[in-house]
file protein_27.txt (compact mmCIF, C-alpha atoms and all ligand atoms)
# COMPACT_ATOMS: atom_id res chain seq x y z
CA MET G 1 4.45 -14.78 -19.69
CA THR G 2 1.31 -14.44 -21.77
CA GLY G 3 1.08 -11.52 -24.18
CA GLN G 4 -1.80 -9.84 -22.34
CA HIS G 5 0.41 -9.31 -19.33
CA ASN G 6 2.74 -7.07 -21.27
CA TRP G 7 1.64 -3.54 -22.04
CA THR G 8 2.61 -0.91 -24.55
CA SER G 9 2.31 2.69 -23.46
CA ALA G 10 2.42 5.16 -26.33
CA PRO G 11 2.99 8.93 -26.44
CA ALA G 12 -0.25 10.70 -25.50
CA GLY G 13 -1.78 14.15 -25.56
CA PRO G 14 -3.14 16.03 -22.55
CA ILE G 15 -4.52 14.05 -19.59
CA ARG G 16 -8.04 15.19 -18.81
CA GLY G 17 -11.10 13.98 -16.96
CA ASP G 18 -13.03 13.78 -13.75
CA ILE G 19 -12.34 10.42 -12.10
CA THR G 20 -12.49 8.43 -8.89
CA VAL G 21 -9.76 5.86 -8.31
CA PRO G 22 -10.50 2.64 -6.36
CA GLY G 23 -10.59 2.40 -2.56
CA ASP G 24 -7.59 2.55 -0.25
CA LYS G 25 -5.74 -0.74 0.04
CA SER G 26 -4.45 -0.28 3.59
CA ILE G 27 -7.86 0.69 4.91
CA SER G 28 -9.67 -2.09 3.01
CA HIS G 29 -7.40 -4.77 4.55
CA ARG G 30 -7.90 -3.44 8.06
CA ALA G 31 -11.64 -2.98 7.64
CA VAL G 32 -12.11 -6.67 6.78
CA MET G 33 -9.86 -7.80 9.62
CA LEU G 34 -11.49 -5.74 12.36
CA ALA G 35 -15.02 -6.28 11.05
CA ALA G 36 -14.37 -10.04 11.14
CA LEU G 37 -13.33 -9.87 14.80
CA ALA G 38 -16.16 -7.52 15.78
CA GLU G 39 -19.53 -8.41 17.24
CA GLY G 40 -22.28 -7.73 14.71
CA SER G 41 -22.35 -6.99 10.98
CA SER G 42 -20.22 -4.23 9.47
CA ARG G 43 -20.82 -2.69 6.07
CA ILE G 44 -17.71 -1.67 4.15
CA SER G 45 -18.25 0.67 1.20
CA GLY G 46 -15.52 1.68 -1.21
CA PHE G 47 -13.78 -1.66 -0.54
CA LEU G 48 -10.85 -2.18 -2.92
CA GLU G 49 -11.71 -4.98 -5.35
CA GLY G 50 -8.01 -5.74 -5.78
CA GLU G 51 -6.41 -9.15 -5.55
CA ASP G 52 -4.57 -8.24 -2.33
CA THR G 53 -7.64 -7.20 -0.38
CA ARG G 54 -9.73 -10.01 -1.86
CA SER G 55 -7.09 -12.47 -0.63
CA THR G 56 -7.55 -11.09 2.88
CA ALA G 57 -11.34 -11.38 2.61
CA ALA G 58 -10.99 -14.97 1.32
CA ILE G 59 -8.75 -15.83 4.28
CA PHE G 60 -11.43 -14.68 6.72
CA ALA G 61 -14.01 -16.69 4.83
CA SER G 62 -11.83 -19.78 5.38
CA LEU G 63 -11.61 -18.80 9.06
CA GLY G 64 -15.40 -19.08 9.23
CA VAL G 65 -16.46 -15.47 8.71
CA ALA G 66 -19.48 -14.93 6.44
CA ILE G 67 -18.84 -12.05 4.04
CA ASP G 68 -21.50 -10.87 1.58
CA ALA G 69 -20.69 -8.83 -1.50
CA PRO G 70 -24.04 -7.19 -2.36
CA SER G 71 -22.44 -5.07 -5.10
CA PRO G 72 -18.94 -4.25 -6.32
CA SER G 73 -16.87 -2.44 -3.65
CA GLN G 74 -19.41 -3.29 -0.95
CA ARG G 75 -18.92 -5.94 1.68
CA ILE G 76 -21.05 -6.92 4.63
CA VAL G 77 -18.88 -8.74 7.13
CA HIS G 78 -20.71 -10.78 9.76
CA GLY G 79 -18.26 -10.52 12.62
CA VAL G 80 -17.66 -13.54 14.83
CA GLY G 81 -16.15 -11.72 17.82
CA LEU G 82 -12.56 -11.75 19.02
CA HIS G 83 -12.57 -15.47 19.79
CA GLY G 84 -14.96 -16.72 17.11
CA LEU G 85 -12.61 -17.61 14.23
CA LYS G 86 -12.70 -21.27 13.16
CA VAL G 87 -9.85 -23.63 12.34
CA PRO G 88 -9.24 -23.36 8.57
CA SER G 89 -9.11 -26.51 6.50
CA ARG G 90 -6.16 -25.33 4.41
CA ASP G 91 -3.21 -22.93 4.29
CA LEU G 92 -4.12 -19.25 4.10
CA ASP G 93 -2.93 -17.67 0.85
CA CYS G 94 -2.04 -13.97 1.10
CA GLY G 95 -1.25 -13.76 -2.62
CA ASN G 96 1.04 -10.79 -3.32
CA SER G 97 0.21 -8.91 -0.15
CA GLY G 98 2.85 -8.06 2.43
CA THR G 99 0.26 -6.09 4.40
CA GLY G 100 -2.05 -9.11 4.50
CA MET G 101 0.66 -11.50 5.66
CA ARG G 102 2.29 -9.26 8.26
CA LEU G 103 -0.94 -8.04 9.86
CA LEU G 104 -2.41 -11.53 9.85
CA ALA G 105 0.72 -12.90 11.53
CA GLY G 106 -0.06 -10.66 14.51
CA LEU G 107 -3.76 -11.42 14.52
CA LEU G 108 -3.35 -15.19 14.14
CA ALA G 109 -0.60 -15.43 16.79
CA GLY G 110 -3.36 -14.93 19.35
CA GLN G 111 -5.71 -17.69 18.14
CA GLY G 112 -6.28 -21.04 19.76
CA PHE G 113 -5.36 -23.01 16.61
CA ASP G 114 -2.44 -23.40 14.20
CA THR G 115 -2.36 -21.63 10.83
CA THR G 116 0.00 -21.36 7.89
CA LEU G 117 0.32 -18.19 5.80
CA THR G 118 1.58 -18.57 2.25
CA GLY G 119 2.13 -16.14 -0.61
CA ASP G 120 3.08 -15.84 -4.26
CA GLU G 121 6.64 -15.82 -5.61
CA SER G 122 7.24 -12.15 -4.80
CA LEU G 123 5.77 -12.34 -1.28
CA SER G 124 7.78 -15.52 -0.65
CA ARG G 125 10.95 -13.43 -1.03
CA ARG G 126 9.92 -10.70 1.41
CA PRO G 127 11.34 -10.44 4.94
CA MET G 128 9.06 -11.57 7.77
CA ARG G 129 11.64 -11.56 10.58
CA ARG G 130 10.53 -7.98 11.25
CA VAL G 131 7.17 -9.22 12.53
CA ILE G 132 8.31 -12.62 13.83
CA ASP G 133 10.80 -10.97 16.22
CA PRO G 134 8.40 -8.71 18.16
CA LEU G 135 5.61 -11.31 18.07
CA SER G 136 8.00 -13.91 19.51
CA ILE G 137 8.87 -11.52 22.35
CA MET G 138 5.12 -11.38 23.02
CA GLY G 139 5.10 -15.16 23.36
CA ALA G 140 4.06 -16.18 19.85
CA MET G 141 5.59 -19.17 18.12
CA ILE G 142 6.08 -18.65 14.40
CA GLU G 143 8.27 -20.73 12.12
CA ALA G 144 9.49 -19.42 8.80
CA GLU G 145 11.77 -20.62 6.04
CA GLU G 146 15.49 -19.87 6.20
CA GLY G 147 16.14 -16.13 6.32
CA GLY G 148 12.74 -15.46 7.88
CA LEU G 149 10.89 -15.96 4.59
CA PRO G 150 7.30 -17.23 4.08
CA PRO G 151 5.45 -19.52 4.49
CA LEU G 152 4.79 -18.68 8.14
CA ARG G 153 3.65 -21.51 10.40
CA ILE G 154 1.90 -19.94 13.38
CA ARG G 155 1.35 -22.07 16.46
CA GLY G 156 -1.96 -21.40 18.20
CA GLY G 157 -2.87 -21.62 21.87
CA ARG G 158 0.04 -19.49 23.07
CA ALA G 159 -0.43 -17.08 25.97
CA LEU G 160 0.65 -13.68 24.65
CA HIS G 161 1.77 -10.80 26.83
CA GLY G 162 2.04 -7.12 25.99
CA ILE G 163 5.37 -5.48 25.18
CA ALA G 164 6.79 -2.01 24.63
CA TYR G 165 8.31 -2.08 21.16
CA SER G 166 10.20 0.31 18.89
CA PRO G 167 10.34 -1.07 15.33
CA PRO G 168 13.86 -0.89 13.85
CA VAL G 169 12.44 0.38 10.52
CA ALA G 170 9.56 2.73 9.82
CA SER G 171 6.74 0.30 9.04
CA ALA G 172 3.01 0.51 9.67
CA GLN G 173 2.87 -3.22 9.01
CA ILE G 174 5.18 -4.03 11.92
CA LYS G 175 3.32 -1.62 14.21
CA SER G 176 -0.02 -3.09 13.17
CA ALA G 177 1.09 -6.71 13.63
CA VAL G 178 2.17 -5.93 17.19
CA LEU G 179 -1.04 -4.02 17.99
CA LEU G 180 -3.25 -6.78 16.56
CA ALA G 181 -1.43 -9.38 18.65
CA GLY G 182 -1.89 -6.96 21.55
CA LEU G 183 -5.68 -7.45 21.31
CA TYR G 184 -5.09 -11.01 22.53
CA ALA G 185 -2.27 -10.25 24.98
CA ASN G 186 -2.28 -9.92 28.73
CA GLY G 187 -1.37 -6.40 29.79
CA GLU G 188 -0.35 -3.37 27.76
CA THR G 189 1.16 -3.31 24.30
CA GLU G 190 2.95 -0.15 23.30
CA VAL G 191 4.62 0.84 20.03
CA ARG G 192 6.95 3.83 19.67
CA GLU G 193 8.16 4.83 16.22
CA ALA G 194 11.18 6.97 15.37
CA HIS G 195 9.39 7.99 12.14
CA PRO G 196 5.60 7.99 12.45
CA THR G 197 3.80 5.77 9.93
CA ARG G 198 0.20 5.49 8.73
CA ASP G 199 -2.15 5.17 11.70
CA TYR G 200 -5.12 3.35 10.15
CA THR G 201 -4.97 0.42 12.56
CA GLU G 202 -5.09 2.76 15.53
CA ARG G 203 -7.91 4.88 14.09
CA MET G 204 -9.94 1.90 13.09
CA LEU G 205 -9.52 0.10 16.41
CA ALA G 206 -10.84 3.24 18.11
CA ALA G 207 -13.75 3.42 15.66
CA PHE G 208 -14.63 -0.23 16.39
CA GLY G 209 -14.73 0.70 20.08
CA TRP G 210 -11.40 -0.69 21.34
CA PRO G 211 -9.77 1.58 23.95
CA ILE G 212 -6.48 2.83 22.47
CA ALA G 213 -4.25 5.83 23.10
CA PHE G 214 -2.34 7.09 20.08
CA SER G 215 -0.56 10.06 18.61
CA ALA G 216 2.03 10.47 15.84
CA GLY G 217 4.61 7.72 16.38
CA TYR G 218 2.93 6.29 19.48
CA ALA G 219 0.21 3.75 20.24
CA ARG G 220 -0.83 1.89 23.37
CA LEU G 221 -3.61 -0.60 24.05
CA SER G 222 -4.37 -3.50 26.33
CA GLY G 223 -5.96 -6.87 25.67
CA GLY G 224 -9.35 -8.14 26.73
CA HIS G 225 -11.81 -5.68 25.23
CA ARG G 226 -14.41 -6.10 22.46
CA LEU G 227 -14.83 -4.76 18.95
CA ARG G 228 -18.30 -3.65 17.89
CA ALA G 229 -19.47 -3.60 14.27
CA ILE G 230 -19.49 -0.26 12.44
CA ASP G 231 -19.88 0.97 8.88
CA VAL G 232 -16.59 1.81 7.15
CA HIS G 233 -16.33 4.25 4.23
CA VAL G 234 -13.06 3.67 2.42
CA PRO G 235 -11.63 6.75 0.67
CA ALA G 236 -10.00 6.61 -2.77
CA ASP G 237 -6.39 5.43 -2.57
CA LEU G 238 -3.84 8.24 -2.88
CA SER G 239 -1.25 5.64 -3.89
CA SER G 240 -3.39 4.77 -6.95
CA ALA G 241 -4.24 8.42 -7.63
CA ALA G 242 -0.48 9.14 -7.64
CA PHE G 243 0.05 7.65 -11.11
CA LEU G 244 -2.56 9.85 -12.72
CA ILE G 245 -1.51 12.90 -10.69
CA VAL G 246 1.97 12.56 -12.16
CA ALA G 247 0.63 11.81 -15.66
CA ALA G 248 -1.42 15.03 -15.61
CA THR G 249 1.50 17.00 -14.19
CA LEU G 250 3.89 15.85 -16.91
CA ALA G 251 1.69 16.03 -20.04
CA PRO G 252 1.31 19.57 -21.45
CA GLY G 253 -2.26 20.90 -21.57
CA SER G 254 -3.54 18.52 -18.86
CA GLU G 255 -6.20 19.14 -16.27
CA LEU G 256 -7.47 16.23 -14.20
CA ILE G 257 -9.89 16.06 -11.28
CA LEU G 258 -9.58 13.13 -8.86
CA ARG G 259 -12.51 12.81 -6.44
CA ALA G 260 -12.56 12.02 -2.72
CA VAL G 261 -8.90 11.07 -2.38
CA GLY G 262 -7.79 10.04 1.12
CA LEU G 263 -5.34 12.62 2.49
CA ASN G 264 -4.27 11.10 5.78
CA PRO G 265 -1.15 13.17 6.67
CA ARG G 266 0.94 9.99 6.89
CA ARG G 267 0.25 9.34 3.20
CA THR G 268 0.69 12.74 1.56
CA GLY G 269 4.48 12.88 1.23
CA LEU G 270 4.28 12.71 -2.58
CA LEU G 271 2.02 15.76 -2.76
CA HIS G 272 4.50 17.79 -0.68
CA VAL G 273 7.42 16.66 -2.80
CA LEU G 274 5.69 17.22 -6.16
CA ARG G 275 4.61 20.71 -5.07
CA ALA G 276 8.18 21.47 -4.02
CA MET G 277 9.21 20.39 -7.55
CA GLY G 278 6.72 22.87 -9.04
CA ALA G 279 3.55 20.79 -9.48
CA ASP G 280 0.15 22.48 -9.62
CA ILE G 281 -2.10 20.33 -7.38
CA ARG G 282 -5.05 22.02 -5.73
CA GLU G 283 -7.38 20.58 -3.11
CA GLU G 284 -11.09 21.33 -3.10
CA ASN G 285 -13.99 20.15 -0.92
CA ARG G 286 -11.70 19.10 1.92
CA ARG G 287 -13.99 17.14 4.23
CA GLU G 288 -14.15 14.23 6.64
CA GLN G 289 -15.41 10.90 5.39
CA GLY G 290 -15.61 8.00 7.83
CA GLY G 291 -12.98 9.53 10.10
CA GLU G 292 -10.48 10.25 7.30
CA ILE G 293 -9.72 13.55 5.55
CA VAL G 294 -10.60 13.42 1.85
CA ALA G 295 -10.51 16.09 -0.83
CA ASP G 296 -10.96 16.44 -4.58
CA LEU G 297 -7.61 17.06 -6.26
CA ILE G 298 -7.29 19.27 -9.33
CA VAL G 299 -4.03 18.70 -11.16
CA ARG G 300 -2.75 20.87 -14.00
CA HIS G 301 0.33 20.46 -16.13
CA ALA G 302 3.46 22.07 -14.70
CA VAL G 303 7.16 21.98 -15.47
CA LEU G 304 8.99 20.20 -12.65
CA HIS G 305 12.48 20.81 -11.33
CA GLY G 306 14.63 18.37 -9.40
CA ILE G 307 15.02 18.59 -5.63
CA GLU G 308 16.59 16.77 -2.70
CA VAL G 309 13.65 14.81 -1.32
CA PRO G 310 13.36 15.79 2.37
CA LEU G 311 13.93 12.78 4.64
CA GLU G 312 10.89 13.63 6.73
CA HIS G 313 8.58 12.85 3.80
CA VAL G 314 10.05 9.42 2.99
CA PRO G 315 7.82 7.22 5.20
CA ASP G 316 4.78 9.25 4.13
CA MET G 317 5.32 8.37 0.47
CA ILE G 318 6.97 4.96 0.71
CA ASP G 319 4.71 3.45 -1.99
CA GLU G 320 5.05 6.46 -4.30
CA PHE G 321 8.76 6.25 -5.09
CA PRO G 322 8.37 4.38 -8.40
CA ILE G 323 6.18 7.18 -9.77
CA LEU G 324 8.41 9.84 -8.17
CA PHE G 325 11.36 8.30 -10.06
CA VAL G 326 9.39 8.93 -13.27
CA ALA G 327 8.55 12.52 -12.25
CA ALA G 328 12.21 13.12 -11.37
CA ALA G 329 13.35 11.68 -14.71
CA ALA G 330 11.07 14.16 -16.50
CA ALA G 331 12.08 17.14 -14.32
CA LYS G 332 14.74 19.73 -15.09
CA GLY G 333 17.90 19.08 -13.07
CA THR G 334 18.83 16.54 -10.44
CA THR G 335 16.62 14.79 -7.87
CA THR G 336 18.28 13.09 -4.91
CA ILE G 337 16.48 10.43 -2.89
CA ARG G 338 17.95 9.16 0.39
CA GLY G 339 16.70 7.27 3.44
CA ALA G 340 14.53 4.93 1.37
CA ALA G 341 16.34 1.57 1.81
CA GLU G 342 12.91 -0.02 2.45
CA LEU G 343 12.35 0.22 -1.31
CA ARG G 344 14.74 -2.70 -1.67
CA VAL G 345 12.30 -5.08 0.07
CA LYS G 346 9.00 -4.10 -1.54
CA GLU G 347 7.15 -6.18 -4.19
CA SER G 348 10.44 -5.87 -6.09
CA ASP G 349 13.72 -4.11 -5.26
CA ARG G 350 12.23 -0.84 -6.46
CA ILE G 351 15.56 1.02 -6.60
CA ALA G 352 17.03 -1.63 -8.89
CA THR G 353 13.86 -2.18 -10.96
CA MET G 354 13.25 1.53 -11.56
CA GLY G 355 16.98 2.11 -12.14
CA ALA G 356 17.19 -0.58 -14.82
CA GLY G 357 13.99 0.60 -16.50
CA LEU G 358 14.91 4.28 -16.54
CA ARG G 359 18.37 3.52 -17.94
CA ALA G 360 16.75 1.42 -20.68
CA LEU G 361 14.72 4.52 -21.59
CA GLY G 362 17.79 6.76 -21.81
CA ILE G 363 17.68 8.38 -18.36
CA SER G 364 20.81 8.81 -16.29
CA ILE G 365 20.33 7.41 -12.79
CA GLU G 366 22.81 6.46 -10.09
CA GLU G 367 21.50 3.92 -7.60
CA THR G 368 22.62 4.18 -3.98
CA PRO G 369 21.96 1.69 -1.15
CA ASP G 370 19.06 3.80 0.16
CA GLY G 371 17.91 5.81 -2.82
CA ALA G 372 19.01 7.23 -6.15
CA ILE G 373 20.31 10.33 -7.91
CA ILE G 374 18.26 10.96 -11.02
CA GLU G 375 19.16 13.41 -13.82
CA GLY G 376 16.11 14.81 -15.55
CA GLY G 377 16.01 14.06 -19.27
CA ARG G 378 13.75 12.70 -21.96
CA PHE G 379 12.26 9.20 -22.21
CA GLU G 380 13.33 7.69 -25.52
CA GLY G 381 10.97 4.70 -25.49
CA GLY G 382 12.05 1.06 -25.41
CA GLU G 383 11.50 -2.06 -23.34
CA VAL G 384 11.37 -2.29 -19.56
CA GLU G 385 10.78 -5.05 -16.98
CA SER G 386 8.34 -4.45 -14.16
CA GLN G 387 9.58 -7.58 -12.31
CA GLY G 388 5.91 -8.31 -11.58
CA ASP G 389 5.71 -5.16 -9.46
CA HIS G 390 2.34 -3.41 -9.86
CA ARG G 391 3.58 0.07 -9.01
CA VAL G 392 6.57 -0.20 -11.32
CA ALA G 393 4.30 -1.27 -14.20
CA MET G 394 1.94 1.68 -13.71
CA SER G 395 4.86 4.10 -13.34
CA PHE G 396 6.29 3.12 -16.71
CA ALA G 397 2.82 3.32 -18.25
CA VAL G 398 2.84 6.99 -17.18
CA ALA G 399 6.35 7.50 -18.56
CA GLY G 400 5.10 6.24 -21.93
CA SER G 401 2.63 9.13 -22.15
CA ILE G 402 5.44 11.65 -22.49
CA ALA G 403 8.05 9.44 -24.18
CA GLY G 404 9.43 10.00 -27.66
CA ASN G 405 8.43 6.46 -28.66
CA PRO G 406 6.28 3.68 -27.17
CA ILE G 407 7.44 1.87 -24.04
CA ARG G 408 6.86 -1.87 -23.84
CA ILE G 409 6.39 -2.99 -20.23
CA ALA G 410 6.74 -6.67 -19.35
CA ASP G 411 4.87 -8.57 -16.64
CA CYS G 412 2.01 -6.24 -15.70
CA ALA G 413 -0.57 -8.74 -14.39
CA ASN G 414 -0.01 -7.73 -10.78
CA VAL G 415 -1.49 -4.29 -11.37
CA ALA G 416 -4.76 -6.06 -10.46
CA THR G 417 -3.45 -6.49 -6.89
CA SER G 418 -3.89 -2.79 -6.08
CA PHE G 419 -5.54 -0.98 -9.00
CA PRO G 420 -8.16 -3.07 -10.79
CA GLY G 421 -9.40 -1.21 -13.86
CA PHE G 422 -6.21 0.85 -14.19
CA LEU G 423 -6.03 0.39 -17.96
CA ALA G 424 -9.61 1.52 -18.61
CA LEU G 425 -9.47 4.44 -16.18
CA ALA G 426 -6.08 5.65 -17.43
CA GLU G 427 -7.26 5.37 -21.03
CA SER G 428 -10.38 7.41 -20.18
CA THR G 429 -8.07 10.27 -19.20
CA GLY G 430 -5.98 10.07 -22.37
CA VAL G 431 -3.17 7.70 -21.41
CA VAL G 432 -2.56 5.39 -24.39
CA VAL G 433 -1.72 2.04 -22.85
CA THR G 434 -2.81 -1.25 -24.33
CA PRO G 435 -2.29 -4.89 -23.45
CA ASP G 436 0.13 -6.36 -25.88
CA LEU G 437 -1.45 -9.25 -27.79
CA ARG G 438 1.69 -10.35 -29.61
C1 LIG Y 1 1.21 -0.58 4.47
C2 LIG Y 1 2.42 -0.16 4.96
C3 LIG Y 1 3.60 0.07 4.11
C4 LIG Y 1 3.21 0.17 2.63
C5 LIG Y 1 2.23 -0.87 2.22
C6 LIG Y 1 0.97 -0.78 3.03
C7 LIG Y 1 0.10 -0.83 5.41
O1 LIG Y 1 4.49 -1.02 4.24
O2 LIG Y 1 4.37 0.11 1.83
O3 LIG Y 1 1.90 -0.76 0.84
O4 LIG Y 1 -1.05 -0.95 4.96
O5 LIG Y 1 0.38 -0.89 6.63
P1 LIG Y 1 5.63 -1.06 5.38
O6 LIG Y 1 4.96 -1.25 6.69
O7 LIG Y 1 6.50 -2.24 5.00
O8 LIG Y 1 6.35 0.25 5.27

call {"tool": "encode", "arguments": {"input": "protein_27.txt", "output": "structure tokens"}}
result
Amino acid sequence: MTGQHNWTSAPAGPIRGDITVPGDKSISHRAVMLAALAEGSSRISGFLEGEDTRSTAAIFASLGVAIDAPSPSQRIVHGVGLHGLKVPSRDLDCGNSGTGMRLLAGLLAGQGFDTTLTGDESLSRRPMRRVIDPLSIMGAMIEAEEGGLPPLRIRGGRALHGIAYSPPVASAQIKSAVLLAGLYANGETEVREAHPTRDYTERMLAAFGWPIAFSAGYARLSGGHRLRAIDVHVPADLSSAAFLIVAATLAPGSELILRAVGLNPRRTGLLHVLRAMGADIREENRREQGGEIVADLIVRHAVLHGIEVPLEHVPDMIDEFPILFVAAAAAKGTTTIRGAAELRVKESDRIATMGAGLRALGISIEETPDGAIIEGGRFEGGEVESQGDHRVAMSFAVAGSIAGNPIRIADCANVATSFPGFLALAESTGVVVTPDLR
């Protein structure tokens, strides 16, 4: 591990500023995918310049799609139509991105040629059976390593047929993989979810002109239509905003404005939970931007108290648990998290990674199979491992702001997958986090 990939986060003063965090990761992935399959040229603004979404764009370039980048966070994707992708000359590297690999598995299952999806060390440990199973029922042929792990070898030229599917776990990635395969399938494809998940694939398919019926926890489409190019405006990513929302909440004297944050109801679980803990988060200028609700968030310092996190919010904040663990550790009293077993199969096992890190900082935490019981306390400072997990690294950077002593965080390079420029933006608000040059 080179020194620059370790960070030191030091105690800070108030968190202040007026900032815009980078574009939404989920929407950026889907915008490139659908624009590539559309007829005509689509302009994407607010595109996330993260490694994950760039990997997806690079994959479409190797599938023969011309993509211009006229300026940072802008892409013009020259769509090739539903059947216009070309045989790639090499394996398709999804990098660190589970969203990229799982959605692409669905999309590529319907092509006339073979492809192989690979990923980095973390992605190569993540379960893919959850998409292989429903796609196989649709007629796809996908080979994986033992245990359903990447790489995925996807056989082309298969005749797919629609299915009615209920994913066994709440996952927008599973739903999206099935729906994207459904574009190429004969007949109707239907997904019913026990716990509704983010509906960006459904919304964006409709915006690109594909007939689709959907409501919370339900989506239905049939194959054989066309996608037509549109302009996509990507809102700021609430999952990136979350770190600075919690930093401003925890540091006395703080007041932070975050502009144009995407507030899709399937993403706002953390805001509900933080408010229930006592946070002061106001929304201003609530408006629609490119079919999504956005608002400016004004966050002021508040003293938090522990709660039992309501189960209904869990899927709507699945990426925000690392930073919620930090908020809970700084709150008065006990916070109980249940129903979040999915955290065990994210970029790291986030229950174990956050548990080990918080204990190293002097916090009392009991890990359970599907969550944790966290006793609020005080961060003493010390050394923690992010296990290469971007959200864990940023969460401990926030913890450092209110710690008694600096926190040294190992293995932070992957922050660039989702939040390029995190260090500079966080520093501009008063967070004192520096790459460690030792
Ligand atoms: C995502 C869905 C979620 C989330 C991920 C992005 C998406 O994953 O954790 O960061 O864009 O569909 P799951 O589908 O595994 O819950």

call {"tool": "atom_distance", "arguments": {"input": "protein_27.txt", "atom1": "CA of Ala61 in chain G", "atom2": "CA of Arg102 in chain G"}}
result
18.2 Å

call {"tool": "atom_distance", "arguments": {"input": "protein_27.txt", "atom1": "CA of Val191 in chain G", "atom2": "CA of Ala172 in chain G"}}
result
10.5 Å

call {"tool": "closest_residue", "arguments": {"input": "protein_27.txt", "among": "G:Ser26, G:Thr429, G:Thr335, G:Thr353", "to": "ligand LIG 1 (chain Y)", "atoms": "all atoms listed in the file"}}
result
G:Ser26

call {"tool": "residues_near_ligand", "arguments": {"input": "protein_27.txt", "ligand": "ligand LIG 1 (chain Y)", "cutoff": "9 Å", "atoms": "all atoms listed in the file", "output": "PyMOL selection string"}}
result
chain G and resi 25-30+97-100+102-103+169-176+197-201+239+315+317-320+342-343+345-346

call {"tool": "write_last_selection", "arguments": {"input": "protein_27.txt", "atoms": "C-alpha atoms", "output": "short mmCIF file (atom, residue, chain, number, x, y, z; two decimals), in the coordinates of the input"}}
result
data_model
loop_
_atom_site.label_atom_id
_atom_site.label_comp_id
_atom_site.auth_asym_id
_atom_site.auth_seq_id
_atom_site.Cartn_x
_atom_site.Cartn_y
_atom_site.Cartn_z
CA LYS G 25 -5.74 -0.74 0.04
CA SER G 26 -4.45 -0.28 3.59
CA ILE G 27 -7.86 0.69 4.91
CA SER G 28 -9.67 -2.09 3.01
CA HIS G 29 -7.40 -4.77 4.55
CA ARG G 30 -7.90 -3.44 8.06
CA SER G 97 0.21 -8.91 -0.15
CA GLY G 98 2.85 -8.06 2.43
CA THR G 99 0.26 -6.09 4.40
CA GLY G 100 -2.05 -9.11 4.50
CA ARG G 102 2.29 -9.26 8.26
CA LEU G 103 -0.94 -8.04 9.86
CA VAL G 169 12.44 0.38 10.52
CA ALA G 170 9.56 2.73 9.82
CA SER G 171 6.74 0.30 9.04
CA ALA G 172 3.01 0.51 9.67
CA GLN G 173 2.87 -3.22 9.01
CA ILE G 174 5.18 -4.03 11.92
CA LYS G 175 3.32 -1.62 14.21
CA SER G 176 -0.02 -3.09 13.17
CA THR G 197 3.80 5.77 9.93
CA ARG G 198 0.20 5.49 8.73
CA ASP G 199 -2.15 5.17 11.70
CA TYR G 200 -5.12 3.35 10.15
CA THR G 201 -4.97 0.42 12.56
CA SER G 239 -1.25 5.64 -3.89
CA PRO G 315 7.82 7.22 5.20
CA MET G 317 5.32 8.37 0.47
CA ILE G 318 6.97 4.96 0.71
CA ASP G 319 4.71 3.45 -1.99
CA GLU G 320 5.05 6.46 -4.30
CA GLU G 342 12.91 -0.02 2.45
CA LEU G 343 12.35 0.22 -1.31
CA VAL G 345 12.30 -5.08 0.07
CA LYS G 346 9.00 -4.10 -1.54
#

call {"tool": "atom_distance", "arguments": {"input": "protein_27.txt", "atom1": "CA of Ser136 in chain G", "atom2": "CA of Asn96 in chain G"}}
result
24.1 Å

call {"tool": "closest_residue", "arguments": {"input": "protein_27.txt", "among": "G:Val234, G:Ala213, G:Ala140, G:Asp52", "to": "Gln74 in chain G", "atoms": "only C-alpha atoms"}}
result
G:Val234

call {"tool": "closest_residue", "arguments": {"input": "protein_27.txt", "among": "G:Pro167, G:Gly162, G:Gly278, G:Gly110", "to": "Arg129 in chain G", "atoms": "only C-alpha atoms"}}
result
G:Pro167

call {"tool": "closest_residue", "arguments": {"input": "protein_27.txt", "among": "G:Leu117, G:Ala276, G:Ile15, G:Met101", "to": "Pro88 in chain G", "atoms": "all atoms listed in the file"}}
result
G:Leu117

call {"tool": "residues_near_point", "arguments": {"input": "protein_27.txt", "point": "(14.9, 9.4, 2.1)", "cutoff": "8 Å", "atoms": "all atoms listed in the file", "output": "list of chain:residue names"}}
result
G:Val309, G:Pro310, G:Leu311, G:Glu312, G:His313, G:Val314, G:Ile337, G:Arg338, G:Gly339, G:Ala340, G:Ala341, G:Asp370, G:Gly371

call {"tool": "residues_around", "arguments": {"input": "protein_27.txt", "residues": "Leu263 in chain G", "least_positions_apart": "4", "cutoff": "7 Å", "atoms": "all atoms listed in the file", "output": "list in words"}}
result
Arg267, Thr268, Ile293 and Val294 of chain G

call {"tool": "write_last_selection", "arguments": {"input": "protein_27.txt", "atoms": "C-alpha atoms", "output": "PDB file, keeping the file's coordinate frame"}}
result
ATOM      1  CA  ARG G 267       0.250   9.340   3.200  1.00  0.00           C
ATOM      2  CA  THR G 268       0.690  12.740   1.560  1.00  0.00           C
ATOM      3  CA  ILE G 293      -9.720  13.550   5.550  1.00  0.00           C
ATOM      4  CA  VAL G 294     -10.600  13.420   1.850  1.00  0.00           C
TER       5      VAL G 294
END

call {"tool": "residues_around", "arguments": {"input": "protein_27.txt", "residues": "Arg391 in chain G", "least_positions_apart": "2", "cutoff": "10 Å", "atoms": "all atoms listed in the file", "output": "ChimeraX atom specification"}}
result
/G:239-240,243,319-323,347-348,350,386,388-389,393-397,412,414-415,417-419

call {"tool": "residues_around", "arguments": {"input": "protein_27.txt", "residues": "Tyr218 in chain G", "least_positions_apart": "6", "cutoff": "8 Å", "atoms": "all atoms listed in the file", "output": "ChimeraX atom specification"}}
result
/G:190-193,196
